[in-house]
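See below for input_34.txt, which holds compact mmCIF, C-alpha atoms.
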```txt
# COMPACT_ATOMS: atom_id res chain seq x y z
CA MET A 1 13.94 -18.11 14.47
CA ASN A 2 10.63 -19.88 14.20
CA SER A 3 9.41 -19.29 10.65
CA ASN A 4 5.82 -19.46 11.88
CA THR A 5 6.30 -16.44 14.13
CA LYS A 6 5.97 -13.12 12.36
CA THR A 7 8.83 -11.15 13.85
CA LEU A 8 9.76 -9.03 10.81
CA VAL A 9 7.47 -6.08 10.15
CA VAL A 10 6.98 -4.07 6.96
CA ASP A 11 4.62 -1.09 6.89
CA ILE A 12 3.38 -0.03 3.45
CA TRP A 13 1.76 3.35 2.79
CA SER A 14 -0.04 3.77 -0.52
CA ASP A 15 -3.04 5.32 -2.23
CA PHE A 16 -5.32 3.79 -4.85
CA VAL A 17 -5.03 6.86 -7.11
CA CYS A 18 -1.25 7.00 -6.88
CA PRO A 19 -0.22 5.74 -10.35
CA TRP A 20 2.97 4.10 -9.10
CA CYS A 21 1.58 2.45 -5.96
CA TRP A 22 0.10 -0.64 -7.61
CA ILE A 23 3.36 -1.22 -9.48
CA ALA A 24 5.37 -0.87 -6.27
CA LYS A 25 3.00 -3.24 -4.47
CA ARG A 26 3.39 -5.88 -7.17
CA ARG A 27 7.18 -5.63 -7.11
CA PHE A 28 7.24 -5.91 -3.33
CA ASP A 29 4.86 -8.88 -3.43
CA LYS A 30 7.21 -10.66 -5.85
CA ALA A 31 10.21 -9.88 -3.64
CA LEU A 32 8.36 -11.19 -0.58
CA ALA A 33 7.32 -14.36 -2.39
CA ALA A 34 10.97 -15.03 -3.22
CA PHE A 35 12.19 -14.23 0.31
CA GLU A 36 13.34 -17.32 2.20
CA HIS A 37 11.89 -16.08 5.51
CA ARG A 38 8.62 -14.72 4.10
CA ASP A 39 6.57 -16.61 6.71
CA ALA A 40 8.19 -14.45 9.40
CA VAL A 41 7.12 -11.19 7.74
CA GLN A 42 4.12 -9.21 8.97
CA VAL A 43 2.92 -6.73 6.33
CA ASN A 44 0.83 -3.82 7.60
CA LEU A 45 -1.15 -1.87 4.99
CA ARG A 46 -1.24 1.83 5.85
CA ALA A 47 -3.48 4.52 4.37
CA TYR A 48 -2.42 7.70 2.60
CA ARG A 49 -4.40 10.11 0.43
CA ILE A 50 -2.56 12.11 -2.20
CA ALA A 51 -5.72 14.09 -2.96
CA PRO A 52 -7.59 14.91 0.27
CA ASN A 53 -10.82 16.85 -0.29
CA HIS A 54 -10.43 16.52 -4.07
CA GLN A 55 -13.69 15.92 -5.94
CA ALA A 56 -13.59 12.91 -8.23
CA GLU A 57 -12.72 13.66 -11.85
CA PRO A 58 -11.09 11.89 -14.81
CA PHE A 59 -7.43 11.06 -14.27
CA LYS A 60 -6.41 12.50 -17.63
CA VAL A 61 -7.97 15.86 -16.74
CA VAL A 62 -5.92 15.96 -13.54
CA LEU A 63 -2.70 15.16 -15.38
CA LEU A 64 -3.28 17.90 -17.93
CA LYS A 65 -3.85 20.39 -15.13
CA LYS A 66 -0.68 19.23 -13.38
CA PHE A 67 1.70 19.20 -16.34
CA ARG A 68 0.02 21.93 -18.45
CA ASP A 69 1.55 20.17 -21.43
CA PRO A 70 -0.26 17.34 -23.25
CA MET A 71 3.05 15.79 -24.33
CA ALA A 72 4.36 15.70 -20.75
CA ALA A 73 1.11 14.14 -19.54
CA GLU A 74 1.22 11.54 -22.32
CA GLY A 75 4.83 10.77 -21.46
CA MET A 76 3.98 10.19 -17.82
CA MET A 77 1.07 7.89 -18.71
CA TYR A 78 3.21 5.95 -21.19
CA SER A 79 5.90 5.43 -18.55
CA VAL A 80 3.40 4.15 -15.98
CA GLN A 81 1.67 1.90 -18.51
CA SER A 82 4.98 0.43 -19.68
CA HIS A 83 6.24 -0.31 -16.18
CA GLY A 84 2.82 -1.65 -15.22
CA ALA A 85 2.65 -3.95 -18.24
CA ALA A 86 6.05 -5.39 -17.29
CA GLU A 87 4.48 -6.42 -13.97
CA GLY A 88 1.34 -7.80 -15.58
CA LEU A 89 -0.78 -4.75 -14.68
CA ASP A 90 -3.20 -3.04 -17.07
CA TYR A 91 -3.39 0.75 -16.71
CA GLN A 92 -6.34 2.31 -18.54
CA PHE A 93 -5.97 6.06 -18.11
CA ASP A 94 -8.93 6.74 -20.39
CA THR A 95 -11.32 5.44 -17.72
CA MET A 96 -9.36 5.95 -14.49
CA LEU A 97 -10.68 8.44 -11.94
CA PHE A 98 -8.84 10.60 -9.42
CA GLY A 99 -9.97 12.02 -6.08
CA ASP A 100 -10.13 11.71 -2.29
CA THR A 101 -9.96 8.01 -1.35
CA MET A 102 -11.01 8.31 2.30
CA ASP A 103 -14.02 5.98 1.89
CA ALA A 104 -11.89 3.32 0.19
CA HIS A 105 -9.26 3.45 2.93
CA MET A 106 -11.92 3.29 5.66
CA LEU A 107 -13.37 0.23 3.93
CA VAL A 108 -9.98 -1.49 4.00
CA LYS A 109 -9.52 -0.56 7.67
CA ALA A 110 -12.88 -2.14 8.52
CA VAL A 111 -11.70 -5.58 7.38
CA ASP A 112 -10.04 -7.45 10.25
CA ASP A 113 -9.04 -10.60 8.38
CA GLU A 114 -5.55 -10.04 6.97
CA ALA A 115 -5.94 -12.24 3.89
CA LEU A 116 -9.32 -10.75 3.02
CA GLN A 117 -7.98 -7.23 3.52
CA LYS A 118 -5.12 -7.85 1.10
CA HIS A 119 -7.50 -9.39 -1.44
CA LEU A 120 -9.80 -6.37 -1.16
CA VAL A 121 -6.88 -4.00 -1.78
CA GLU A 122 -5.97 -5.90 -4.94
CA VAL A 123 -9.57 -5.81 -6.15
CA LEU A 124 -9.78 -2.05 -5.55
CA TYR A 125 -6.59 -1.46 -7.52
CA GLU A 126 -7.55 -3.69 -10.42
CA GLN A 127 -11.14 -2.54 -10.74
CA SER A 128 -10.30 1.17 -10.54
CA VAL A 129 -7.13 1.12 -12.64
CA SER A 130 -7.99 -1.49 -15.27
CA HIS A 131 -11.78 -1.23 -15.44
CA GLY A 132 -12.58 2.36 -14.50
CA LYS A 133 -14.70 1.52 -11.44
CA SER A 134 -15.31 4.38 -9.05
CA LEU A 135 -13.76 4.42 -5.59
CA PHE A 136 -15.60 7.66 -4.80
CA ASP A 137 -19.16 6.38 -4.66
CA ARG A 138 -20.14 4.19 -1.72
CA GLY A 139 -22.51 2.16 -3.85
CA SER A 140 -19.69 1.31 -6.24
CA LEU A 141 -17.33 0.55 -3.34
CA ALA A 142 -19.93 -1.74 -1.75
CA LEU A 143 -20.21 -3.71 -4.98
CA LEU A 144 -16.43 -4.06 -5.21
CA ALA A 145 -16.28 -5.14 -1.57
CA ALA A 146 -18.93 -7.79 -2.20
CA GLN A 147 -16.94 -8.96 -5.23
CA ALA A 148 -13.92 -9.36 -2.95
CA GLY A 149 -15.97 -11.37 -0.45
CA VAL A 150 -16.30 -8.71 2.26
CA PRO A 151 -19.44 -9.28 4.41
CA ALA A 152 -22.17 -6.64 4.07
CA ASP A 153 -22.09 -5.78 7.78
CA VAL A 154 -18.37 -4.97 7.52
CA VAL A 155 -19.08 -2.63 4.62
CA GLN A 156 -21.77 -0.85 6.60
CA ARG A 157 -19.46 -0.50 9.60
CA ALA A 158 -16.74 1.00 7.41
CA TRP A 159 -18.48 4.33 6.95
CA SER A 160 -20.25 4.57 10.29
CA THR A 161 -17.20 4.19 12.52
CA PRO A 162 -15.39 7.47 13.23
CA GLN A 163 -12.39 5.58 14.61
CA LEU A 164 -11.64 4.25 11.13
CA ARG A 165 -11.43 7.76 9.72
CA GLN A 166 -9.07 8.65 12.56
CA GLN A 167 -6.93 5.60 11.78
CA VAL A 168 -6.52 6.82 8.20
CA GLN A 169 -5.50 10.26 9.42
CA ASP A 170 -3.09 8.74 11.95
CA ASP A 171 -1.47 6.72 9.17
CA GLU A 172 -1.05 9.86 7.09
CA TYR A 173 0.54 11.72 9.97
CA LYS A 174 3.03 8.92 10.59
CA ALA A 175 3.96 8.80 6.91
CA SER A 176 4.50 12.57 6.80
CA ARG A 177 7.13 12.17 9.53
CA ILE A 178 9.12 9.82 7.29
CA ALA A 179 8.73 10.93 3.67
CA SER A 180 6.77 13.32 1.48
CA GLY A 181 4.69 10.89 -0.52
CA VAL A 182 3.82 7.33 -1.51
CA PRO A 183 4.49 4.53 -2.21
CA LEU A 184 6.43 4.25 1.04
CA PHE A 185 7.81 1.04 2.57
CA VAL A 186 9.20 1.07 6.11
CA PHE A 187 11.07 -2.00 7.30
CA GLY A 188 11.35 -3.18 10.88
CA ASN A 189 14.91 -1.96 11.23
CA GLY A 190 13.87 1.61 10.47
CA ALA A 191 15.04 1.65 6.86
CA HIS A 192 12.56 2.95 4.33
CA ILE A 193 12.12 2.86 0.57
CA SER A 194 10.19 5.46 -1.40
CA GLY A 195 8.84 4.95 -4.89
CA ALA A 196 8.28 1.98 -7.19
CA GLN A 197 11.79 0.59 -6.87
CA PRO A 198 12.92 -2.57 -8.71
CA GLN A 199 12.10 -5.92 -7.14
CA GLU A 200 15.77 -6.42 -6.29
CA VAL A 201 15.75 -3.35 -4.04
CA PHE A 202 12.87 -4.76 -2.01
CA GLN A 203 14.59 -8.14 -1.82
CA HIS A 204 17.75 -6.54 -0.47
CA ALA A 205 15.76 -4.59 2.13
CA LEU A 206 14.05 -7.78 3.31
CA GLU A 207 17.38 -9.58 3.59
CA GLN A 208 18.91 -6.67 5.50
CA MET A 209 15.97 -6.58 7.89
CA HIS A 210 16.33 -10.29 8.57
CA ALA A 211 20.10 -10.04 9.04
CA ARG A 212 19.73 -7.26 11.57
CA SER A 213 17.02 -9.18 13.40
CA GLN A 214 19.32 -12.20 13.64
CA ALA A 215 22.21 -10.07 14.89
CA GLU A 216 20.00 -8.53 17.58
CA LEU A 217 18.76 -11.97 18.58
CA ALA A 218 22.32 -13.28 18.88
CA ALA A 219 23.34 -10.28 20.98
CA SER A 220 20.43 -10.65 23.39
CA ALA A 221 21.08 -14.39 23.73
CA GLY A 222 24.26 -13.62 25.67
CA GLN A 223 22.43 -11.73 28.40
CA VAL A 224 21.56 -14.05 31.29
CA CYS A 225 20.01 -13.11 34.62
CA GLY A 226 19.74 -15.29 37.70
CA LEU A 227 19.33 -14.96 41.48
CA ASP A 228 22.81 -13.54 41.78
CA GLY A 229 22.36 -10.91 39.10
CA CYS A 230 22.98 -10.59 35.37
CA THR A 231 25.95 -11.53 33.27
CA LEU A 232 26.79 -10.82 29.63
```
Would you write out, as structure tokens, the structure that this file holds?
Amino acid sequence: MNSNTKTLVVDIWSDFVCPWCWIAKRRFDKALAAFEHRDAVQVNLRAYRIAPNHQAEPFKVVLLKKFRDPMAAEGMMYSVQSHGAAEGLDYQFDTMLFGDTMDAHMLVKAVDDEALQKHLVEVLYEQSVSHGKSLFDRGSLALLAAQAGVPADVVQRAWSTPQLRQQVQDDEYKASRIASGVPLFVFGNGAHISGAQPQEVFQHALEQMHARSQAELAASAGQVCGLDGCTL
């Protein structure tokens, strides 16, 4: 297989306010970097909101409402922070916000350049999780987009294009047909992984996807058609 041809596809559904999504992304990125056939992999970033129509509020407030037990909430935050630190990620729950991330997802959808889109996603994670920047105010999002190098006209198009909102909703519908939440990774062979699994799990999934692709390629190579018909 030509390593310059992206024939292996991975779709990733995530949300910026999902505490485990950044960790899962980092582990997958490491697995992909170590994958021998990484140049053949096409990664599609898909949108998913875990809090549609939820007004922005402090993350800690949301956790206390959810667990109704300060100790349980603290335990959850400690677990996320510990796993995040192991991946080089800084989770600051004291300043993190929670809410409907539609505008952030539409902004990502508006960026056509794949490398720039991925850089923007990383900036949105880091600035919201580590530095408490808001993803729920368009002025704040515009500043973060500019920091990531996104042109101003792309930012303006993000929130004035109804098709982008529909794309987010379409992504959510597709994800709901596969699993009940994010992070969600779907590999080209139909296999999927839910949650922030260890790097080794992602590596195995990539290897399995490549192996199946090679087997399918070998099988199709035996099918030949000419003027007199087809033979296997």
Test item: residues at most 10 Å from Lys133 (chain A), all atoms listed in the file, excluding those fewer than 5 positions along its chain, as a list of chain:residue names: A:Thr95, A:Met96, A:Leu97, A:Leu124, A:Tyr125, A:Glu126, A:Gln127, A:Ser128, A:Ser140, A:Leu141, A:Leu143, A:Leu144
Interatomic distance between CA of Ala34 (chain A) and CA of His210 (chain A)? 13.8 Å
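Residues in contact range of region 69-77 of chain A, defined as at most 8 Å between all atoms listed in the file, with sequence neighbours fewer than 6 positions away removed, read Lys60, Leu63 and Phe93 of chain A.
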Given all atoms listed in the file, how would the per-residue table for region 39-136 of chain A near region 149-162 of chain A read, listing every residue at most 7 Å away with its closest atom pair and distance in Å to one decimal, sorted by chain and number, as a tab-separated table?
```
residue	atom	partner	partner_atom	distance
A:Asp103	CA	A:Trp159	CA	6.9
A:Met106	CA	A:Ala158	CA	5.6
A:Leu107	CA	A:Ala158	CA	4.9
A:Ala110	CA	A:Ala158	CA	5.1
A:Val111	CA	A:Val154	CA	6.7
```
Residues around (-13.0, 6.8, -3.4), cut-off 8 Å, counting all atoms listed in the file - what are they as a compact mmCIF listing (two decimals) with C-alpha atoms, keeping the file's coordinate frame?
```txt
# COMPACT_ATOMS: atom_id res chain seq x y z
CA ALA A 56 -13.59 12.91 -8.23
CA GLY A 99 -9.97 12.02 -6.08
CA ASP A 100 -10.13 11.71 -2.29
CA THR A 101 -9.96 8.01 -1.35
CA MET A 102 -11.01 8.31 2.30
CA ASP A 103 -14.02 5.98 1.89
CA ALA A 104 -11.89 3.32 0.19
CA SER A 134 -15.31 4.38 -9.05
CA LEU A 135 -13.76 4.42 -5.59
CA PHE A 136 -15.60 7.66 -4.80
CA ASP A 137 -19.16 6.38 -4.66
CA ARG A 138 -20.14 4.19 -1.72
CA LEU A 141 -17.33 0.55 -3.34
```
Could you list, as a count of residues only, every residue within 12 Å of Trp22 (chain A), counting all atoms listed in the file and ignoring same-chain residues fewer than 2 positions away? 41
Around all the atoms of region 54-65 of chain A listed in the file, draw an axis-aligned box and extend it by 8 Å on each of the six sides; I want its centre and edge lengths in Å to one decimal, as lines of an AutoDock Vina configuration file.
```
center_x = -8.2
center_y = 15.7
center_z = -11.0
size_x = 27.0
size_y = 25.3
size_z = 29.9
```
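Across the model, the gap from CA of Cys21 (chain A) to CA of Ala191 (chain A) is 18.6 Å.
Within 10 Å of the point (11.5, 1.0, 8.8), and counting only C-alpha atoms, the protein, DNA and RNA residues are Val9, Val10, Asp11, Ile12, Ile178, Leu184, Phe185, Val186, Phe187, Gly188, Asn189, Gly190, Ala191, His192, Ile193, Ala205 and Met209 of chain A.
Closest approach to Gln55 (chain A) among A:Gly181, A:Lys6, A:Leu206, A:Phe98 is made by A:Phe98 (distances from all atoms listed in the file).
Here CA of His131 (chain A) stands at a distance of 26.4 Å from CA of Ala31 (chain A).
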